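A.B. asks: Dumping the structure here so I can ask a few things about it.
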Amino acid sequence: MSVYLFAKELIRDSGAFIRGRMEESFQVERKSNPNDLVTTVDLENEQYIRTKIKEAYPNHNIIGEEYEADMEDSKVGYLWVIDPIDGTLNFVHQRENFAISIGIYKDGEPYAGLILDVMKDKLIHAEAGNGAFVNDEKLSKVKTSHLSNSIVGISHKWLVREDIKGPLIEIVKKCRSPRSLGSAALEYVQLIEGRIEASMFFRLSPWDFSAGKIIGKEVGIITTDFLGRENEWLERTSVLATNSVLQKELLEIMKNDEGFILAHDKFHNIHSSDH
Ligand code: 2AM
Ligand code: CA
Ligand code: CA
Ligand code: CA
């Protein structure tokens with residue numbers, strides 16, 4: 001069995017694990033701040049995934065949100081980048097609209113991406129270079145769009161930050177309508193299926209967007225940081241994911257605001273222990 005096929009089975013099993021676990025009680029705890037939550041199900045599911053990978057592939061490297069990673073040699077062999085629950089707040093408050101996200105690299109190059117919408121049991125997946133699928137159905141390339149007729153995913157929390165809100169408010173004003181789903185991985189699913197046209201996050205970790213970036217590329221979604229640069233390997237970064245036409249319009253708005261660029265670089269270089 002290929003690693004890709006193994007990963008497809010694993011993510012479906014992991015979804016079933018979470019759904020079963022939701023029938024019982026679980027604990028909710030705070031992480032970095034009162035709104036940054038983690039549950040026992042996040043922790044248990046990451047352990048579930050790690051154990052299955054290690055049983056099948058003892059030599060593969062794994063990084064995930066909830067446990068320490070051995071980052072050495074991450075560009076040699078297979079590296080799994082996993083988020084056991086993306087959208088923990090939705091998991092706790094809504095009991096839907098959360099995902100499992102798995103990005104896989106081989107020798108530092110994208111190999112496969114998988115995102116499971118857990119409550120819908122809907123799997124978006126791609127093996128790099130072979131197109132993207134929703135369950136067994138192949139997806140078409142996304143259409144290009146302009147800001148004026150685009151739906152843009154953008155978090156309200158970043159819009160109320162004084163130092164960066166300027167260009168973000170301009171984008172909200174000029175787009176057709178903004179959205180905030182509360183799960184970066186599921187926002188990628190919407191992008192990949194052509195239900196929204198752009199997704200913007202001022203700060204994400206590798207497990208939030210690795211899978212989406214790998215799958216999105218198969219349908220023409222380009223992922224960079226807010227200044228148009230390649231996201232740094234396994235670093236926290238801003239994330240702009242969109243089609244090629246809209247990307248130029250959005251980058252133009254952000255790069256023309258010096259205060260925004262300064263705040264962006266300060267946040268990403270100096271305050272890198274936040275979040
Ligand atoms: P998470 O649910 O796995 O933490 C919206 O909140 C999106 O941003 C989610 O994909 C969430 O992933 C991600 N995110 C990353 N860091 C976060 C933080 N410190 N607090 C809340 N959400 C965070
Ligand atoms: Ca989290
Ligand atoms: Ca996440
Ligand atoms: Ca998570």
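Ligands are numbered from 1 in the order shown, residues from 1 within each chain, and chains are lettered A, B, ... in the order they appear in the structure tokens.
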Please provide as a list in words all residues within 7 Å of Leu246 (chain A), with the sequence filter that same-chain residues fewer than 4 positions apart are discarded (counting only C-alpha atoms).
C.D. replies: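 That gives Thr144, Ser145, His146, Leu147, Thr242 and Leu250 of chain A.
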A.B. asks: 9 Å from ligand 1 is the threshold here; counting only C-alpha atoms and all ligand atoms, which polymer residues fall inside it? Answer as a ChimeraX atom specification.
C.D. replies: /A:31-33,35-38,42,65,83-91,98-100,155,180-187,201,203-205,207-209,274-275
A.B. asks: Got time to write the residues from that selection, C-alpha atoms, as a tab-separated table (two decimals), in the first residue's frame?
C.D. replies:
chain	number	residue	atom	x	y	z
A	31	LYS	CA	-3.73	27.11	26.26
A	32	SER	CA	-2.02	30.47	25.58
A	33	ASN	CA	-5.11	32.60	26.40
A	35	ASN	CA	-9.95	31.80	23.92
A	36	ASP	CA	-7.25	29.35	22.86
A	37	LEU	CA	-8.72	25.99	23.84
A	38	VAL	CA	-7.57	22.40	23.69
A	42	ASP	CA	-7.34	16.94	20.41
A	65	GLU	CA	0.15	20.86	17.14
A	83	ASP	CA	-3.45	18.94	13.13
A	84	PRO	CA	-5.66	16.48	15.05
A	85	ILE	CA	-8.53	18.99	15.25
A	86	ASP	CA	-8.45	22.19	13.22
A	87	GLY	CA	-11.19	24.47	14.51
A	88	THR	CA	-11.17	23.42	18.16
A	89	LEU	CA	-13.49	26.31	19.08
A	90	ASN	CA	-16.02	25.04	16.55
A	91	PHE	CA	-15.56	21.53	17.91
A	98	PHE	CA	-13.85	21.22	12.32
A	99	ALA	CA	-11.33	19.10	10.44
A	100	ILE	CA	-8.34	16.81	10.64
A	155	SER	CA	-10.68	36.62	10.57
A	180	SER	CA	-14.69	33.66	8.84
A	181	LEU	CA	-15.21	29.92	9.25
A	182	GLY	CA	-13.02	29.31	12.30
A	183	SER	CA	-11.02	26.52	10.66
A	184	ALA	CA	-8.14	27.30	8.33
A	185	ALA	CA	-8.29	23.78	6.86
A	186	LEU	CA	-12.01	24.03	6.09
A	187	GLU	CA	-11.50	27.45	4.56
A	201	PHE	CA	-4.76	34.43	7.97
A	203	ARG	CA	-0.69	34.00	11.45
A	204	LEU	CA	-0.83	30.22	11.02
A	205	SER	CA	1.34	27.29	12.07
A	207	TRP	CA	-0.12	22.12	10.64
A	208	ASP	CA	-2.90	24.65	9.94
A	209	PHE	CA	-2.10	25.09	6.25
A	274	ASP	CA	3.16	34.50	20.62
A	275	HIS	CA	0.22	32.18	19.90
A.B. asks: Select from region 80-185 of chain A everything DSSP, run on the backbone, classes as helix (DSSP H, G or I), then give the selection as a PyMOL selection string.
C.D. replies: chain A and resi 88-93+147-149+156-159+165-174+184-185
A.B. asks: Please identify all polymer residues within 10 Å of Thr237 (chain A), counting only C-alpha atoms, omitting same-chain residues fewer than 2 positions from it, and present them as a PDB file with N, CA and C atoms, in the first residue's frame.
C.D. replies:
ATOM      1  N   PHE A 201      -4.988  34.586   6.523  1.00  0.00           N
ATOM      2  CA  PHE A 201      -4.759  34.434   7.967  1.00  0.00           C
ATOM      3  C   PHE A 201      -3.476  35.170   8.306  1.00  0.00           C
ATOM      4  N   PHE A 202      -3.548  36.079   9.282  1.00  0.00           N
ATOM      5  CA  PHE A 202      -2.349  36.852   9.623  1.00  0.00           C
ATOM      6  C   PHE A 202      -1.271  35.957  10.234  1.00  0.00           C
ATOM      7  N   ARG A 203      -1.708  34.898  10.901  1.00  0.00           N
ATOM      8  CA  ARG A 203      -0.687  33.999  11.448  1.00  0.00           C
ATOM      9  C   ARG A 203      -1.204  32.563  11.552  1.00  0.00           C
ATOM     10  N   LEU A 204      -0.498  31.636  10.913  1.00  0.00           N
ATOM     11  CA  LEU A 204      -0.827  30.216  11.023  1.00  0.00           C
ATOM     12  C   LEU A 204       0.437  29.412  11.299  1.00  0.00           C
ATOM     13  N   SER A 205       0.244  28.235  11.854  1.00  0.00           N
ATOM     14  CA  SER A 205       1.335  27.289  12.067  1.00  0.00           C
ATOM     15  C   SER A 205       1.331  26.280  10.921  1.00  0.00           C
ATOM     16  N   PRO A 206       2.443  25.575  10.714  1.00  0.00           N
ATOM     17  CA  PRO A 206       2.533  24.657   9.561  1.00  0.00           C
ATOM     18  C   PRO A 206       1.393  23.643   9.487  1.00  0.00           C
ATOM     19  N   PHE A 209      -1.938  24.823   7.693  1.00  0.00           N
ATOM     20  CA  PHE A 209      -2.098  25.093   6.250  1.00  0.00           C
ATOM     21  C   PHE A 209      -1.301  24.181   5.306  1.00  0.00           C
ATOM     22  N   THR A 224       1.002  31.953  -0.455  1.00  0.00           N
ATOM     23  CA  THR A 224       2.225  32.682  -0.073  1.00  0.00           C
ATOM     24  C   THR A 224       1.958  33.339   1.277  1.00  0.00           C
ATOM     25  N   ASP A 225       2.918  34.154   1.756  1.00  0.00           N
ATOM     26  CA  ASP A 225       2.603  34.986   2.921  1.00  0.00           C
ATOM     27  C   ASP A 225       1.946  36.280   2.416  1.00  0.00           C
ATOM     28  N   PHE A 226       1.623  37.203   3.320  1.00  0.00           N
ATOM     29  CA  PHE A 226       0.881  38.418   2.938  1.00  0.00           C
ATOM     30  C   PHE A 226       1.708  39.357   2.057  1.00  0.00           C
ATOM     31  N   GLU A 230       7.200  33.019  -0.535  1.00  0.00           N
ATOM     32  CA  GLU A 230       6.995  31.608  -0.177  1.00  0.00           C
ATOM     33  C   GLU A 230       6.962  31.503   1.356  1.00  0.00           C
ATOM     34  N   ASN A 231       5.983  30.769   1.900  1.00  0.00           N
ATOM     35  CA  ASN A 231       5.926  30.594   3.355  1.00  0.00           C
ATOM     36  C   ASN A 231       7.182  29.858   3.802  1.00  0.00           C
ATOM     37  N   GLU A 232       7.772  30.334   4.909  1.00  0.00           N
ATOM     38  CA  GLU A 232       9.012  29.698   5.367  1.00  0.00           C
ATOM     39  C   GLU A 232       8.763  28.264   5.815  1.00  0.00           C
ATOM     40  N   TRP A 233       9.686  27.406   5.514  1.00  0.00           N
ATOM     41  CA  TRP A 233       9.588  25.971   5.797  1.00  0.00           C
ATOM     42  C   TRP A 233       9.351  25.725   7.290  1.00  0.00           C
ATOM     43  N   LEU A 234       8.196  25.146   7.608  1.00  0.00           N
ATOM     44  CA  LEU A 234       7.836  24.753   8.972  1.00  0.00           C
ATOM     45  C   LEU A 234       7.855  25.902   9.980  1.00  0.00           C
ATOM     46  N   GLU A 235       7.619  27.145   9.502  1.00  0.00           N
ATOM     47  CA  GLU A 235       7.568  28.287  10.410  1.00  0.00           C
ATOM     48  C   GLU A 235       6.139  28.801  10.499  1.00  0.00           C
ATOM     49  N   VAL A 239      -0.656  33.795   5.872  1.00  0.00           N
ATOM     50  CA  VAL A 239      -1.023  32.914   4.767  1.00  0.00           C
ATOM     51  C   VAL A 239      -2.087  33.581   3.900  1.00  0.00           C
ATOM     52  N   LEU A 240      -1.746  33.762   2.624  1.00  0.00           N
ATOM     53  CA  LEU A 240      -2.708  34.238   1.634  1.00  0.00           C
ATOM     54  C   LEU A 240      -2.861  33.139   0.586  1.00  0.00           C
ATOM     55  N   HIS A 264       3.682  43.790  10.110  1.00  0.00           N
ATOM     56  CA  HIS A 264       3.726  42.382   9.695  1.00  0.00           C
ATOM     57  C   HIS A 264       5.090  41.778  10.024  1.00  0.00           C
ATOM     58  N   PHE A 267       5.762  41.552  13.815  1.00  0.00           N
ATOM     59  CA  PHE A 267       4.994  40.464  14.421  1.00  0.00           C
ATOM     60  C   PHE A 267       5.616  39.109  14.107  1.00  0.00           C
ATOM     61  N   HIS A 268       6.015  38.925  12.874  1.00  0.00           N
ATOM     62  CA  HIS A 268       6.506  37.604  12.487  1.00  0.00           C
ATOM     63  C   HIS A 268       7.956  37.356  12.870  1.00  0.00           C
ATOM     64  N   ASN A 269       8.746  38.434  13.006  1.00  0.00           N
ATOM     65  CA  ASN A 269      10.150  38.211  13.347  1.00  0.00           C
ATOM     66  C   ASN A 269      10.437  38.344  14.833  1.00  0.00           C
ATOM     67  N   SER A 272       7.784  36.051  17.767  1.00  0.00           N
ATOM     68  CA  SER A 272       7.494  34.708  17.258  1.00  0.00           C
ATOM     69  C   SER A 272       7.155  33.704  18.363  1.00  0.00           C
TER      70      SER A 272
END
A.B. asks: Under the rule that only C-alpha atoms and all ligand atoms are counted, which of A:Glu23, A:Glu66, A:Glu44, A:Glu258 is the nearest residue to ligand 4?
C.D. replies: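 For ligand 4, the nearest of the given residues is A:Glu66.
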A.B. asks: So how far away is CA of Asp121 (chain A) from CA of His156 (chain A), in Å?
C.D. replies: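 If I compute the distance from CA of His156 (chain A) to CA of Asp121 (chain A), I get 27.8 Å.
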A.B. asks: Excluding Gly153 (chain A) and its own-chain neighbours fewer than 5 positions away, which residues fall within 7 Å of it when counting only C-alpha atoms? Please give them as an mmCIF file with N, CA and C atoms, in the first residue's frame.
C.D. replies:
data_model
loop_
_atom_site.group_PDB
_atom_site.id
_atom_site.type_symbol
_atom_site.label_atom_id
_atom_site.label_comp_id
_atom_site.auth_asym_id
_atom_site.auth_seq_id
_atom_site.Cartn_x
_atom_site.Cartn_y
_atom_site.Cartn_z
ATOM 1 N N PRO A 178 -17.025 39.277 3.160
ATOM 2 C CA PRO A 178 -16.043 38.502 3.923
ATOM 3 C C PRO A 178 -16.694 37.336 4.661
ATOM 4 N N ARG A 179 -15.877 36.354 5.018
ATOM 5 C CA ARG A 179 -16.332 35.188 5.791
ATOM 6 C C ARG A 179 -15.259 34.838 6.808
ATOM 7 N N SER A 180 -15.665 34.226 7.917
ATOM 8 C CA SER A 180 -14.689 33.656 8.836
ATOM 9 C C SER A 180 -15.244 32.346 9.375
ATOM 10 N N ALA A 198 -10.740 33.633 -1.789
ATOM 11 C CA ALA A 198 -9.452 33.862 -1.126
ATOM 12 C C ALA A 198 -9.590 33.528 0.347
ATOM 13 N N SER A 199 -8.457 33.199 0.954
ATOM 14 C CA SER A 199 -8.425 32.951 2.386
ATOM 15 C C SER A 199 -7.187 33.639 2.933
ATOM 16 N N MET A 200 -7.359 34.435 4.001
ATOM 17 C CA MET A 200 -6.252 35.208 4.556
ATOM 18 C C MET A 200 -6.169 34.976 6.057
#
A.B. asks: Would you please extract all strand (DSSP E) residues from region 62-174 of chain A, as assigned by DSSP on the backbone, and give them as a ChimeraX atom specification?
C.D. replies: /A:62-64,78-86,99-106,109-117,122-127,132-134,137-138,151-154
A.B. asks: Contacts of Tyr78 (chain A) at 9 Å or less, counting only C-alpha atoms, minus same-chain residues fewer than 2 places along, as a list in words?
C.D. replies: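 Within the cut-off, the hits are Asn59, His60, Asn61, Ile62, Ser74, Lys75, Val76, Trp80, Ile104, Tyr105, Lys106, Asp107, Gly108 and Tyr111 of chain A.
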A.B. asks: Please measure the separation of CA of His93 (chain A) and CA of Lys120 (chain A), giving the value in Å to one decimal.
C.D. replies: 16.8 Å
A.B. asks: Which residue, A:Ser101, A:Gln47, A:Gln94, A:Ser14, has the smallest gap to ligand 4 when you use only C-alpha atoms and all ligand atoms?
C.D. replies: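 Of A:Ser101, A:Gln47, A:Gln94, A:Ser14, the one nearest ligand 4 is A:Ser101, counting only C-alpha atoms and all ligand atoms.
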A.B. asks: From the list A:Gln247, A:Ser210, A:Gln27, A:Gln190, which residue is nearest Asn97 (chain A) when using only C-alpha atoms?
C.D. replies: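 Checking each candidate against Asn97 (chain A), we get A:Gln190 as the closest.
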A.B. asks: For CA of Cys175 (chain A) and CA of Val245 (chain A), determine how far apart the two atoms are, in Å to one decimal place.
C.D. replies: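 Atom-to-atom, CA of Cys175 (chain A) to CA of Val245 (chain A), that is 13.7 Å.
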A.B. asks: Within 12 Å of Ile169 (chain A), counting only C-alpha atoms, which residues qualify if same-chain residues fewer than 6 places away don't, as a PyMOL selection string?
C.D. replies: chain A and resi 152+154-163+175+177-178+250+253-254+260
A.B. asks: Using only C-alpha atoms and all ligand atoms, which of the listed residues (A:Glu96, A:Glu137, A:Glu170, A:Gly64) sits closest to ligand 3?
C.D. replies: A:Gly64
A.B. asks: Residues within 10 Å of Asp13 (chain A), please, as a PyMOL selection string. Count only C-alpha atoms; anything in the same chain fewer than 5 positions from it doesn't count.
C.D. replies: chain A and resi 7-8+18-19+48-49
